[in-house]
Amino acid sequence: MMIRKLSEQHTPWLGMAAAGLIAAGALLAALGFRHEDGESYSFLRQNISDLGDPQVSAWAFVFNYSLIAGSAIMALFIAGVSIVASTRSTYVIAAIGIIATIAMAFVGVYPSSPPTAFEHKVSAGIAFLGTLGLGASFTLRMLLRPHPVLPRWLVLPGMLSAAS
């Protein structure tokens, strides 16, 4: 009962902190990014993983550490949501999300540069597929069987996550 009460109180803040930390790390790394041809970072030209590559990003460590820390906090957020909702389906959805966030943390551990490119691709693949699974399954769950504790508007970020 105490864990449920703590989850109800702190889970929203964990989600915002995780997203904010990851976004801030990406923004700061993008500001310090200079490609070998001198161009600054653009999500239209480069992969997000390039922000964590120390060979092209002076602030790669900022991106990587924020991704690792933000992913750990996001896993706590997902676990908190499942505790608050407390249904079998949300536990399954949470398991998918936690696997995705663990993989996302490993994207920060293994930069996309050649020594760890394979590990990076595996981690990124699991993270992206897991995020797709999380967004899609949560959206379907909320559309088919809304939960009284979770607001219905949460379908929008779930759909956005699955679509992106």
# chains A, B, ... in the order shown; residues from 1 in each chain; ligands from 1

$ select_by_dssp --residues "chain A" --states "helix (DSSP H, G or I)" --output "ChimeraX atom specification"
/A:2-31,48-52,60-85,88-109,114-144,152-163

$ closest_residue --among "A:Ala29, A:Ala85, A:Met142, A:Val122" --to "A:Ser66" --atoms "only C-alpha atoms"
A:Ala29

$ closest_residue --among "A:Leu44, A:Ala30, A:Leu76, A:Leu134" --to "A:Val92" --atoms "only C-alpha atoms"
A:Leu134

$ residues_around --residues "A:Ile96" --least-positions-apart "5" --cutoff "10 Å" --atoms "only C-alpha atoms" --output "mmCIF file with C-alpha atoms, in the first residue's frame"
data_model
loop_
_atom_site.group_PDB
_atom_site.id
_atom_site.type_symbol
_atom_site.label_atom_id
_atom_site.label_comp_id
_atom_site.auth_asym_id
_atom_site.auth_seq_id
_atom_site.Cartn_x
_atom_site.Cartn_y
_atom_site.Cartn_z
ATOM 1 C CA ILE A 78 6.827 3.076 -16.231
ATOM 2 C CA THR A 90 -0.501 -2.698 -17.584
ATOM 3 C CA TYR A 91 2.101 -5.022 -16.062
ATOM 4 C CA THR A 101 14.281 1.807 -21.528
ATOM 5 C CA ALA A 127 14.850 0.364 -27.876
ATOM 6 C CA LEU A 129 10.941 -1.688 -31.311
ATOM 7 C CA GLY A 130 10.228 -1.658 -27.584
ATOM 8 C CA THR A 131 9.125 1.963 -27.723
ATOM 9 C CA LEU A 132 6.867 1.153 -30.665
ATOM 10 C CA GLY A 133 5.427 -1.780 -28.700
ATOM 11 C CA LEU A 134 4.976 0.360 -25.600
ATOM 12 C CA GLY A 135 3.245 3.189 -27.443
ATOM 13 C CA SER A 137 0.011 -1.437 -26.695
#

$ closest_atom_pairs --of "stretch 73-148 of chain A" --to "stretch 49-58 of chain A" --cutoff "6 Å" --atoms "only C-alpha atoms" --output "CSV"
residue,atom,partner,partner_atom,distance
A:Pro111,CA,A:Asp53,CA,5.3
A:Ser112,CA,A:Asp53,CA,5.7
A:Ser113,CA,A:Asp53,CA,5.7

$ write_last_selection --atoms "all heavy atoms" --output "PDB file, in the first residue's frame"
ATOM      1  N   PRO A 111      28.241   3.973 -27.896  1.00  0.00           N
ATOM      2  CA  PRO A 111      28.083   4.958 -28.969  1.00  0.00           C
ATOM      3  C   PRO A 111      28.108   4.295 -30.347  1.00  0.00           C
ATOM      4  O   PRO A 111      28.556   3.157 -30.507  1.00  0.00           O
ATOM      5  CB  PRO A 111      29.285   5.880 -28.791  1.00  0.00           C
ATOM      6  CG  PRO A 111      29.750   5.664 -27.393  1.00  0.00           C
ATOM      7  CD  PRO A 111      29.403   4.243 -27.056  1.00  0.00           C
ATOM      8  N   SER A 112      27.662   5.026 -31.348  1.00  0.00           N
ATOM      9  CA  SER A 112      27.530   4.470 -32.696  1.00  0.00           C
ATOM     10  C   SER A 112      28.844   4.404 -33.465  1.00  0.00           C
ATOM     11  O   SER A 112      28.867   3.937 -34.597  1.00  0.00           O
ATOM     12  CB  SER A 112      26.511   5.289 -33.501  1.00  0.00           C
ATOM     13  OG  SER A 112      26.925   6.628 -33.616  1.00  0.00           O
ATOM     14  N   SER A 113      29.939   4.851 -32.873  1.00  0.00           N
ATOM     15  CA  SER A 113      31.234   4.808 -33.555  1.00  0.00           C
ATOM     16  C   SER A 113      31.728   3.370 -33.688  1.00  0.00           C
ATOM     17  O   SER A 113      31.287   2.479 -32.966  1.00  0.00           O
ATOM     18  CB  SER A 113      32.246   5.681 -32.820  1.00  0.00           C
ATOM     19  OG  SER A 113      32.290   5.356 -31.462  1.00  0.00           O
TER      20      SER A 113
END

$ residues_around --residues "A:Val107" --least-positions-apart "5" --cutoff "10 Å" --atoms "only C-alpha atoms" --output "list in words"
Ser49, Gly52, Asn64, Leu67, Ile68, Ser71, Thr101, Ile102, Ser112, Thr116, Ala117, Glu119, His120, Lys121, Val122, Ser123, Ala124, Gly125, Ile126 and Ala127 of chain A

$ atom_distance --atom1 "atom CA of A:Gly32" --atom2 "atom CA of A:Gly15"
26.1 Å

$ residues_around --residues "A:Ala18" --least-positions-apart "2" --cutoff "7 Å" --atoms "only C-alpha atoms" --output "PyMOL selection string"
chain A and resi 14-16+20-22+70-71+73-74

$ write_last_selection --atoms "C-alpha atoms" --output "tab-separated table (two decimals), in the first residue's frame"
chain	number	residue	atom	x	y	z
A	14	LEU	CA	9.53	10.90	-12.68
A	15	GLY	CA	8.08	10.87	-16.20
A	16	MET	CA	8.61	14.59	-16.67
A	20	GLY	CA	13.30	16.57	-19.63
A	21	LEU	CA	16.72	15.09	-18.86
A	22	ILE	CA	16.91	13.21	-22.17
A	70	GLY	CA	16.94	9.52	-18.21
A	71	SER	CA	16.28	5.94	-19.27
A	73	ILE	CA	14.30	7.32	-14.43
A	74	MET	CA	11.88	6.46	-17.28

$ atom_distance --atom1 "atom CA of A:Phe106" --atom2 "atom CA of A:Ser89"
26.2 Å

$ atom_distance --atom1 "atom CA of A:Lys5" --atom2 "atom CA of A:Ala105"
27.5 Å

$ residues_around --residues "A:Leu140" --least-positions-apart "3" --cutoff "12 Å" --atoms "only C-alpha atoms" --output "list in words"
Ser89, Thr90, Ile93, Gly133, Leu134, Gly135, Ala136, Ser137, Leu143, Leu144, Arg145, Pro146, His147, Arg152, Leu154, Val155, Leu156, Gly158, Met159 and Ala162 of chain A

$ write_last_selection --atoms "N, CA and C atoms" --output "PDB file, in the first residue's frame"
ATOM      1  N   SER A  89      -2.759  -6.267 -17.715  1.00  0.00           N
ATOM      2  CA  SER A  89      -2.350  -5.701 -19.004  1.00  0.00           C
ATOM      3  C   SER A  89      -1.328  -4.575 -18.814  1.00  0.00           C
ATOM      4  N   THR A  90      -1.490  -3.764 -17.791  1.00  0.00           N
ATOM      5  CA  THR A  90      -0.501  -2.698 -17.584  1.00  0.00           C
ATOM      6  C   THR A  90       0.841  -3.264 -17.117  1.00  0.00           C
ATOM      7  N   ILE A  93       2.423  -4.341 -20.404  1.00  0.00           N
ATOM      8  CA  ILE A  93       2.851  -3.137 -21.121  1.00  0.00           C
ATOM      9  C   ILE A  93       4.082  -2.542 -20.446  1.00  0.00           C
ATOM     10  N   GLY A 133       6.319  -0.856 -29.416  1.00  0.00           N
ATOM     11  CA  GLY A 133       5.427  -1.780 -28.700  1.00  0.00           C
ATOM     12  C   GLY A 133       4.767  -1.131 -27.501  1.00  0.00           C
ATOM     13  N   LEU A 134       5.520  -0.346 -26.761  1.00  0.00           N
ATOM     14  CA  LEU A 134       4.976   0.360 -25.600  1.00  0.00           C
ATOM     15  C   LEU A 134       3.892   1.338 -26.028  1.00  0.00           C
ATOM     16  N   GLY A 135       4.210   2.196 -26.992  1.00  0.00           N
ATOM     17  CA  GLY A 135       3.245   3.189 -27.443  1.00  0.00           C
ATOM     18  C   GLY A 135       1.989   2.565 -28.030  1.00  0.00           C
ATOM     19  N   ALA A 136       2.162   1.554 -28.868  1.00  0.00           N
ATOM     20  CA  ALA A 136       1.016   0.910 -29.521  1.00  0.00           C
ATOM     21  C   ALA A 136       0.162   0.146 -28.515  1.00  0.00           C
ATOM     22  N   SER A 137       0.791  -0.630 -27.647  1.00  0.00           N
ATOM     23  CA  SER A 137       0.011  -1.437 -26.695  1.00  0.00           C
ATOM     24  C   SER A 137      -0.691  -0.558 -25.662  1.00  0.00           C
ATOM     25  N   LEU A 143      -7.649   2.808 -25.463  1.00  0.00           N
ATOM     26  CA  LEU A 143      -8.799   2.957 -26.351  1.00  0.00           C
ATOM     27  C   LEU A 143      -9.856   1.883 -26.088  1.00  0.00           C
ATOM     28  N   LEU A 144      -9.395   0.650 -25.897  1.00  0.00           N
ATOM     29  CA  LEU A 144     -10.321  -0.468 -25.728  1.00  0.00           C
ATOM     30  C   LEU A 144     -10.893  -0.570 -24.318  1.00  0.00           C
ATOM     31  N   ARG A 145     -10.069  -0.244 -23.352  1.00  0.00           N
ATOM     32  CA  ARG A 145     -10.498  -0.392 -21.967  1.00  0.00           C
ATOM     33  C   ARG A 145      -9.849   0.679 -21.103  1.00  0.00           C
ATOM     34  N   PRO A 146     -10.394   1.901 -21.132  1.00  0.00           N
ATOM     35  CA  PRO A 146      -9.789   2.985 -20.343  1.00  0.00           C
ATOM     36  C   PRO A 146      -9.708   2.616 -18.864  1.00  0.00           C
ATOM     37  N   HIS A 147      -8.682   3.110 -18.251  1.00  0.00           N
ATOM     38  CA  HIS A 147      -8.478   2.835 -16.828  1.00  0.00           C
ATOM     39  C   HIS A 147      -8.952   4.043 -16.026  1.00  0.00           C
ATOM     40  N   ARG A 152      -7.715   9.725 -19.919  1.00  0.00           N
ATOM     41  CA  ARG A 152      -7.879   9.261 -21.299  1.00  0.00           C
ATOM     42  C   ARG A 152      -6.998  10.022 -22.289  1.00  0.00           C
ATOM     43  N   LEU A 154      -4.018  10.475 -22.238  1.00  0.00           N
ATOM     44  CA  LEU A 154      -2.720   9.815 -22.392  1.00  0.00           C
ATOM     45  C   LEU A 154      -2.646   8.986 -23.674  1.00  0.00           C
ATOM     46  N   VAL A 155      -3.781   8.795 -24.331  1.00  0.00           N
ATOM     47  CA  VAL A 155      -3.789   8.126 -25.625  1.00  0.00           C
ATOM     48  C   VAL A 155      -2.963   8.933 -26.627  1.00  0.00           C
ATOM     49  N   LEU A 156      -3.016  10.257 -26.551  1.00  0.00           N
ATOM     50  CA  LEU A 156      -2.303  11.113 -27.516  1.00  0.00           C
ATOM     51  C   LEU A 156      -0.789  10.911 -27.495  1.00  0.00           C
ATOM     52  N   GLY A 158       0.789   8.370 -26.375  1.00  0.00           N
ATOM     53  CA  GLY A 158       1.013   6.973 -26.754  1.00  0.00           C
ATOM     54  C   GLY A 158       0.965   6.798 -28.264  1.00  0.00           C
ATOM     55  N   MET A 159      -0.014   7.445 -28.906  1.00  0.00           N
ATOM     56  CA  MET A 159      -0.138   7.384 -30.351  1.00  0.00           C
ATOM     57  C   MET A 159       1.045   8.082 -31.020  1.00  0.00           C
ATOM     58  N   ALA A 162       4.116   5.823 -30.740  1.00  0.00           N
ATOM     59  CA  ALA A 162       4.046   4.693 -31.680  1.00  0.00           C
ATOM     60  C   ALA A 162       4.257   5.171 -33.114  1.00  0.00           C
TER      61      ALA A 162
END
